[in-house]
Structures are given as structure tokens and as C-alpha cells.
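Asks: One structure is given below, represented as C-alpha cells, and several questions about it will come after.
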Amino acid sequence: MAKLTVNDLDLKNQRVFMRVDYNVPMEEKDGKMVINDTTRIKETLPTLKLLISNGAKVILAAHLGRPKGTKEPSMSLAPVAVKLSEMVGQPVAFVDDCIGEKVEKAVAELKAGGILLLENVRYYNEEEANDPAFAEKLAKLADVYVNDAFGAAHRAHASTEGIARVVAKSGGKCAAGLLMERELKFLGDELENPARPFVVILGGSKVSDKIKVIDRLLEKADSILIGGAMAYTFKLAHGVKTGKSLIEPDHKGTALAAEEKAKTRKVNFQLPTDTIIATPVDSGKLNKKGKPVYDLTNIRTISGDIPDDAEGFSIGPETSANYAKIIAGAKTILWNGPMGMFEDARFAEGTNAVARAVVEATQKNGAKSIIGGGDSVKALNKAGLGDKVTFMSTGGGASLEFLEGQELPGVAALSNK
Ligand code: ADP
Ligand code: MG
């Protein structure tokens, strides 16, 4: 069902309560919390500018970290107000609470086009508990509710779900922000009836994390390309030795069932034909968590069985060349999960080669390329290719649940068109 968006609203002088994702990485420097990456703030600017230019009174709510109901100073959103003000080019008021009289007074003082950021909603346990009385207190601040925090939409919390119910009940509209609208368009509508061939690339660490997505996409895709550690469970199910690789023996049946479904549906289901392995050797050192550190020695490419003392860390060059060929013919591409342990440069090439193929199909053939999953987005950015695909989800866990076909509570709570 299509959801109402900010473009459908009459905003003039309305108190617009907008849930945003300002869960930015912070670090303490000289006794002050400093924001390390402002991407999440930047991503809300289009919606904010639209609200401001239409004369809305903007009230922003967000969470930061996991303060678990305590007023943990290092998780205050105060530094975000300062940064946002710089980025949006106008003052941003801040109150050190998100409900109550002080907040209501600050909201009453807001002028059309003004912005107020509330303190971390997770300073209250009632937020994650989706407490109805707490949601009522938040809703008291709003004529209209907007959700632009796709990354938090898979949680039914007071500021993502409860408040929308209250606002809607009293006749107010609840709409998607522009960022949320794009997520729903690319991860939802665009994949409903994709231009074909539709090629799905799935990797990451675990079959169990991705099986629901695999299952759903087996009903839509023309080709599915498997990589990452996940591939080893498929290999294991075929009786191939996987050495010390990350595997899930309990999911051999899951893997075989997925392949069976691919066969019946005539989906071109590809597993890696070669893999990059290394022999882990105990370095005798311990990491910060007190766990032994292994040196990854004797890095080499093999096909077939992985020796008992070795571990697989990425798809090999033959596999990435084969995958690149299939990707080159695609009109729609969905990618979730890296092809290897890309965080270590020695095992990043498989992921990077696939990334280059995706970019080329996008730029040369006009394929639509959609990237979901936190680590997949990281991998693309690390390769410097983040801005060369059609869409990168901001969702992480939310994008995975959405791709599984689940209804996200934060989306379900928005008004229908
Ligand atoms: P996403 O966040 O994009 O959904 P996942 O969280 O499922 O992706 O998987 C990403 C993680 O999988 C990365 O941290 C990567 O290092 C790891 N990974 C991929 N392949 C391997 C492998 N062969 N061995 C160990 N870890 C792997
Ligand atoms: Mg991940």
C-alpha cells in the first residue's frame, strides 16, 4: 500500500514531529563528544529543507546509542544540534529532554521554518517499550508526524510507531520523509516488477541470516550469485570439505532446499568455483577482548576441498570473473552481503571486483543497482564506489527485514495515500 509522503502534506505553521536517524558515531576528544561521521545528518537535509521552506515548525526526535533508560551524558544529542545547525545554515534549538513542560514550552516558541532537536528518546525506557503513555506525551508535541528514520523502522518503539498511532487517532497525518520514501521505492516498488534480467548477489557471513531473503528472491530473480562465508555451508551440503571456514552445519538442509527451489523455478543459481584461503596460526598474542589473535598465513587460491588447517575468506578470481559476466547482462541488480572478509585488504578483491562490475552495469547499461545491508554499503564506500550505484540503503537491519518481505512497524504506522 502506498504511503503518504511529506509532499502530500499541508505544512504551513504545522508542528511537524519528525523521527530521524541521528545515531551518529561519536568519540570523546579532550573531554568533549565529537561526531566522527555526519552522513546520517546530511541525509535528512532534503526533507528538512522541504519542511522549512513550506513553513513547518520542525521538531526532531532521535536516539543515540543504548543508554537503556539512563541520562548517559556521552549519549546526548546536544553535539548533533550544533552540527546540524552548521549543515542546515540556520539556528537549531535544543532541549535537554524529549517530553514534559520544558519541551512543550520550547515547541510553543517555535516559529514557522524553525527547528528544535529533542534530547535522546532512549533516555527513557518507555521509548523501546513502546509505552502508550510515553507515546501520548510525544504526540502532544505534534500536529503531523513524519518518519525519515528507515534504519529504525523495523522496531516498534514509541517514537517510530506508538506516536504515529496516537497522531493518526486524533486526525493528524503520518507521512514518510523523502529519505524513507526513497528506501520504500528502491527496496520495495522497484523490486516488485524489476526490469529483467534481475541479478541478485548475496553474501555475508551466515546462511541463517539471509535465508528468508534468499527464499523470497528466488521467486523474483533470474540469477542468484552466492559469495561470502555463506557459500561454505552450501559447499558443505554438497560434501565439499570446508576446513576451518565459518559454516553452519545445521543449515545444510536449508541450503539444499534453496538450491532445489532454484531448480524448479529455473533460477540461475551460482556458487563460487574457487576460493581464497589462508592458514590461521596462533600468534600467541591476545586481542582487547582477551581472545587469541591468529596470523593468516600462506594465502592462496584453490578450488575444491579446503584443507583441514585452512579457512576460506573470499571468492576467488575465477568466481568474480564469472559473476562479473552475469552482472554485465543485468537490468536490475540487488546486492546484499560482501563476497569475503573485505575489511582485510588481502581478502577484499573478490568484493571489489563484483562492486566494479555492478558499477559498470549501472553506468554503461543503465542497470538499476540497489545495495542493502550495513556491511555491503561499507564495502562499497571503502572501494570508493558508493556514489556510483543507483541506490544504497541507509537501513542495515531494517533493509534486511524489508527485503525479507516483512512489514516494518514504523512503515505500517504511516497513513496510506
Ligand atoms: P550485510 O551487513 O551487508 O548484510 P553481513 O553482515 O551478512 O552483510 O556480512 C558481512 C560480514 O561477513 C563482514 O564483516 C565480512 O567480513 C564477513 N564475511 C564475509 N565473507 C567471509 C568469510 N569468508 N569469512 C569470514 N567472514 C566473512
Ligand atoms: Mg552486517
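Going by the C-alpha cells order, chains are called A, B, ..., each with residues numbered from 1, while ligands are numbered from 1 in the order shown.
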Show me a table, sorted first by chain and then by increasing residue number, of the residues of chain A having an atom at most 6 Å from ligand 1, each with its shortest atom pair and the distance in Å to one decimal, counting only C-alpha atoms and all ligand atoms and written as a Markdown table.

Replies:
| residue | atom | partner | partner_atom_place_in_ligand_line | distance |
| --- | --- | --- | --- | --- |
| A:Gly204 | CA | ligand 1 | 9 (O) | 3.2 |
| A:Ser205 | CA | ligand 1 | 12 (O) | 3.9 |
| A:Gly228 | CA | ligand 1 | 20 (N) | 3.4 |
| A:Ala229 | CA | ligand 1 | 23 (N) | 3.6 |
| A:Leu246 | CA | ligand 1 | 24 (N) | 5.8 |
| A:Gly312 | CA | ligand 1 | 23 (N) | 5.1 |
| A:Phe313 | CA | ligand 1 | 23 (N) | 3.4 |
| A:Ser314 | CA | ligand 1 | 23 (N) | 4.8 |
| A:Asn336 | CA | ligand 1 | 3 (O) | 5.1 |
| A:Gly337 | CA | ligand 1 | 3 (O) | 3.7 |
| A:Pro338 | CA | ligand 1 | 19 (C) | 5.5 |
| A:Met339 | CA | ligand 1 | 20 (N) | 5.5 |
| A:Gly340 | CA | ligand 1 | 20 (N) | 3.3 |
| A:Met341 | CA | ligand 1 | 16 (O) | 3.4 |
| A:Phe342 | CA | ligand 1 | 16 (O) | 5.6 |
| A:Glu343 | CA | ligand 1 | 16 (O) | 5.9 |
| A:Gly373 | CA | ligand 1 | 3 (O) | 3.6 |
| A:Gly374 | CA | ligand 1 | 2 (O) | 3.9 |
| A:Asp375 | CA | ligand 1 | 2 (O) | 3.6 |
| A:Ser376 | CA | ligand 1 | 3 (O) | 3.7 |

Asks: Can you tell me which residues surround Gly188 (chain A) at a distance of at most 10 Å, considering only C-alpha atoms, apart from same-chain residues fewer than 3 positions away, and format the answer as a list of chain:residue names?

Replies: A:Glu181, A:Arg182, A:Glu183, A:Leu184, A:Lys185, A:Leu191, A:Glu192, A:Asn193, A:Ser399, A:Phe402, A:Leu403, A:Gly405

Asks: Quick one: residues within 6 Å of Glu311 (chain A), only C-alpha atoms, excluding same-chain residues fewer than 6 positions away - as a PyMOL selection string?

Replies: chain A and resi 243-245+277-278

Asks: May I ask which of the residues A:Val20, A:Val377, A:Ile326, A:Ala195 is the closest one to Ile59 (chain A), counting only C-alpha atoms?

Replies: A:Val20

Asks: Nearest to ligand 2 among A:Leu400, A:Ala361, A:Leu138, A:Val82, with distances taken over only C-alpha atoms and all ligand atoms: which residue is it?

Replies: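 Looking only at the distances to ligand 2, the closest residue turns out to be A:Leu400.
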
Asks: Just the residues within 10 Å of region 105-120 of chain A, please, counting only C-alpha atoms, with nothing from its chain fewer than 5 positions along; format it as an MDAnalysis selection string.

Replies: chainID A and resid 11:18 22:23 48:67 69 71:72 75:78 80:81 84:85 88 90:100 127 141:142

Asks: Just the strand (DSSP E or B) stuff from region 51-112 of chain A, please, per backbone DSSP, written as a PyMOL selection string.

Replies: chain A and resi 57-61+93-94

Asks: If you count only C-alpha atoms, which residues fall within 9 Å of region 213-221 of chain A, apart from same-chain ones fewer than 5 positions away, as a ChimeraX atom specification?

Replies: /A:191-194,196-200,202,207,258,261-262,265,267-268,400-401,403-405

Asks: Generate the output file for the selected residues, N, CA, C and O atoms, as a PDB file, in the first residue's frame.

Replies:
ATOM      1  N   LEU A 191      11.611  -3.501  -6.806  1.00  0.00           N
ATOM      2  CA  LEU A 191      11.896  -4.937  -6.830  1.00  0.00           C
ATOM      3  C   LEU A 191      10.628  -5.772  -7.010  1.00  0.00           C
ATOM      4  O   LEU A 191      10.696  -6.985  -7.170  1.00  0.00           O
ATOM      5  N   GLU A 192       9.478  -5.113  -6.978  1.00  0.00           N
ATOM      6  CA  GLU A 192       8.216  -5.826  -7.201  1.00  0.00           C
ATOM      7  C   GLU A 192       8.158  -6.353  -8.637  1.00  0.00           C
ATOM      8  O   GLU A 192       7.907  -7.519  -8.872  1.00  0.00           O
ATOM      9  N   ASN A 193       8.376  -5.445  -9.588  1.00  0.00           N
ATOM     10  CA  ASN A 193       8.399  -5.819 -11.006  1.00  0.00           C
ATOM     11  C   ASN A 193       9.690  -5.329 -11.634  1.00  0.00           C
ATOM     12  O   ASN A 193       9.694  -4.379 -12.394  1.00  0.00           O
ATOM     13  N   PRO A 194      10.801  -5.977 -11.321  1.00  0.00           N
ATOM     14  CA  PRO A 194      12.100  -5.479 -11.777  1.00  0.00           C
ATOM     15  C   PRO A 194      12.282  -5.650 -13.287  1.00  0.00           C
ATOM     16  O   PRO A 194      11.751  -6.602 -13.866  1.00  0.00           O
ATOM     17  N   ARG A 196      14.223  -6.945 -16.340  1.00  0.00           N
ATOM     18  CA  ARG A 196      14.982  -8.204 -16.397  1.00  0.00           C
ATOM     19  C   ARG A 196      16.081  -8.143 -17.456  1.00  0.00           C
ATOM     20  O   ARG A 196      15.947  -7.414 -18.414  1.00  0.00           O
ATOM     21  N   PRO A 197      17.132  -8.929 -17.260  1.00  0.00           N
ATOM     22  CA  PRO A 197      17.390  -9.857 -16.154  1.00  0.00           C
ATOM     23  C   PRO A 197      17.594  -9.169 -14.795  1.00  0.00           C
ATOM     24  O   PRO A 197      18.220  -8.119 -14.719  1.00  0.00           O
ATOM     25  N   PHE A 198      17.073  -9.825 -13.777  1.00  0.00           N
ATOM     26  CA  PHE A 198      17.223  -9.373 -12.399  1.00  0.00           C
ATOM     27  C   PHE A 198      18.262 -10.280 -11.716  1.00  0.00           C
ATOM     28  O   PHE A 198      18.026 -11.474 -11.548  1.00  0.00           O
ATOM     29  N   VAL A 199      19.406  -9.694 -11.392  1.00  0.00           N
ATOM     30  CA  VAL A 199      20.503 -10.462 -10.792  1.00  0.00           C
ATOM     31  C   VAL A 199      20.639 -10.103  -9.311  1.00  0.00           C
ATOM     32  O   VAL A 199      20.746  -8.919  -8.966  1.00  0.00           O
ATOM     33  N   VAL A 200      20.615 -11.097  -8.465  1.00  0.00           N
ATOM     34  CA  VAL A 200      20.728 -10.887  -7.025  1.00  0.00           C
ATOM     35  C   VAL A 200      22.066 -11.442  -6.544  1.00  0.00           C
ATOM     36  O   VAL A 200      22.395 -12.598  -6.830  1.00  0.00           O
ATOM     37  N   LEU A 202      24.228 -12.310  -3.244  1.00  0.00           N
ATOM     38  CA  LEU A 202      24.069 -12.480  -1.804  1.00  0.00           C
ATOM     39  C   LEU A 202      25.326 -13.045  -1.174  1.00  0.00           C
ATOM     40  O   LEU A 202      25.863 -14.049  -1.635  1.00  0.00           O
ATOM     41  N   VAL A 207      24.244 -18.167   6.352  1.00  0.00           N
ATOM     42  CA  VAL A 207      23.061 -18.577   5.605  1.00  0.00           C
ATOM     43  C   VAL A 207      21.811 -18.267   6.433  1.00  0.00           C
ATOM     44  O   VAL A 207      20.810 -17.775   5.920  1.00  0.00           O
ATOM     45  N   ALA A 258      17.105 -24.450  -0.770  1.00  0.00           N
ATOM     46  CA  ALA A 258      17.157 -23.228  -1.591  1.00  0.00           C
ATOM     47  C   ALA A 258      17.582 -23.582  -3.016  1.00  0.00           C
ATOM     48  O   ALA A 258      16.991 -23.105  -3.999  1.00  0.00           O
ATOM     49  N   LYS A 261      14.728 -25.257  -4.832  1.00  0.00           N
ATOM     50  CA  LYS A 261      13.722 -24.257  -5.238  1.00  0.00           C
ATOM     51  C   LYS A 261      14.210 -23.501  -6.482  1.00  0.00           C
ATOM     52  O   LYS A 261      13.428 -23.225  -7.395  1.00  0.00           O
ATOM     53  N   ALA A 262      15.515 -23.196  -6.503  1.00  0.00           N
ATOM     54  CA  ALA A 262      16.086 -22.503  -7.668  1.00  0.00           C
ATOM     55  C   ALA A 262      15.899 -23.343  -8.928  1.00  0.00           C
ATOM     56  O   ALA A 262      15.559 -22.829  -9.994  1.00  0.00           O
ATOM     57  N   ARG A 265      12.300 -23.317 -10.106  1.00  0.00           N
ATOM     58  CA  ARG A 265      11.902 -22.008 -10.628  1.00  0.00           C
ATOM     59  C   ARG A 265      12.790 -21.557 -11.782  1.00  0.00           C
ATOM     60  O   ARG A 265      12.668 -20.424 -12.252  1.00  0.00           O
ATOM     61  N   VAL A 267      15.859 -20.647 -11.788  1.00  0.00           N
ATOM     62  CA  VAL A 267      16.741 -19.523 -11.441  1.00  0.00           C
ATOM     63  C   VAL A 267      18.182 -19.997 -11.608  1.00  0.00           C
ATOM     64  O   VAL A 267      18.541 -21.095 -11.185  1.00  0.00           O
ATOM     65  N   ASN A 268      18.998 -19.172 -12.271  1.00  0.00           N
ATOM     66  CA  ASN A 268      20.412 -19.477 -12.448  1.00  0.00           C
ATOM     67  C   ASN A 268      21.126 -19.254 -11.107  1.00  0.00           C
ATOM     68  O   ASN A 268      21.447 -18.139 -10.740  1.00  0.00           O
ATOM     69  N   LEU A 400      17.324  -5.437   5.616  1.00  0.00           N
ATOM     70  CA  LEU A 400      17.262  -6.897   5.534  1.00  0.00           C
ATOM     71  C   LEU A 400      15.837  -7.390   5.817  1.00  0.00           C
ATOM     72  O   LEU A 400      15.286  -8.207   5.071  1.00  0.00           O
ATOM     73  N   GLU A 401      15.221  -6.875   6.882  1.00  0.00           N
ATOM     74  CA  GLU A 401      13.857  -7.294   7.212  1.00  0.00           C
ATOM     75  C   GLU A 401      12.871  -6.897   6.112  1.00  0.00           C
ATOM     76  O   GLU A 401      11.950  -7.635   5.793  1.00  0.00           O
ATOM     77  N   LEU A 403      13.609  -6.533   2.922  1.00  0.00           N
ATOM     78  CA  LEU A 403      13.848  -7.413   1.770  1.00  0.00           C
ATOM     79  C   LEU A 403      13.282  -8.813   2.000  1.00  0.00           C
ATOM     80  O   LEU A 403      12.967  -9.532   1.056  1.00  0.00           O
ATOM     81  N   GLU A 404      13.170  -9.191   3.272  1.00  0.00           N
ATOM     82  CA  GLU A 404      12.550 -10.491   3.584  1.00  0.00           C
ATOM     83  C   GLU A 404      11.055 -10.461   3.313  1.00  0.00           C
ATOM     84  O   GLU A 404      10.389 -11.499   3.357  1.00  0.00           O
ATOM     85  N   GLY A 405      10.526  -9.252   3.078  1.00  0.00           N
ATOM     86  CA  GLY A 405       9.096  -9.126   2.815  1.00  0.00           C
ATOM     87  C   GLY A 405       8.297  -8.840   4.080  1.00  0.00           C
ATOM     88  O   GLY A 405       7.070  -8.870   4.069  1.00  0.00           O
TER      89      GLY A 405
END

Asks: Quick one, how far is CA of Phe150 (chain A) from CA of Ala353 (chain A)?

Replies: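 These two atoms are separated by 29.1 Å.
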
Asks: Run DSSP on the backbone of this structure and report the residues of region 187-289 of chain A it assigns to alpha helix (DSSP H), as a PyMOL selection string.

Replies: chain A and resi 190-192+207-217+230-237+252-264
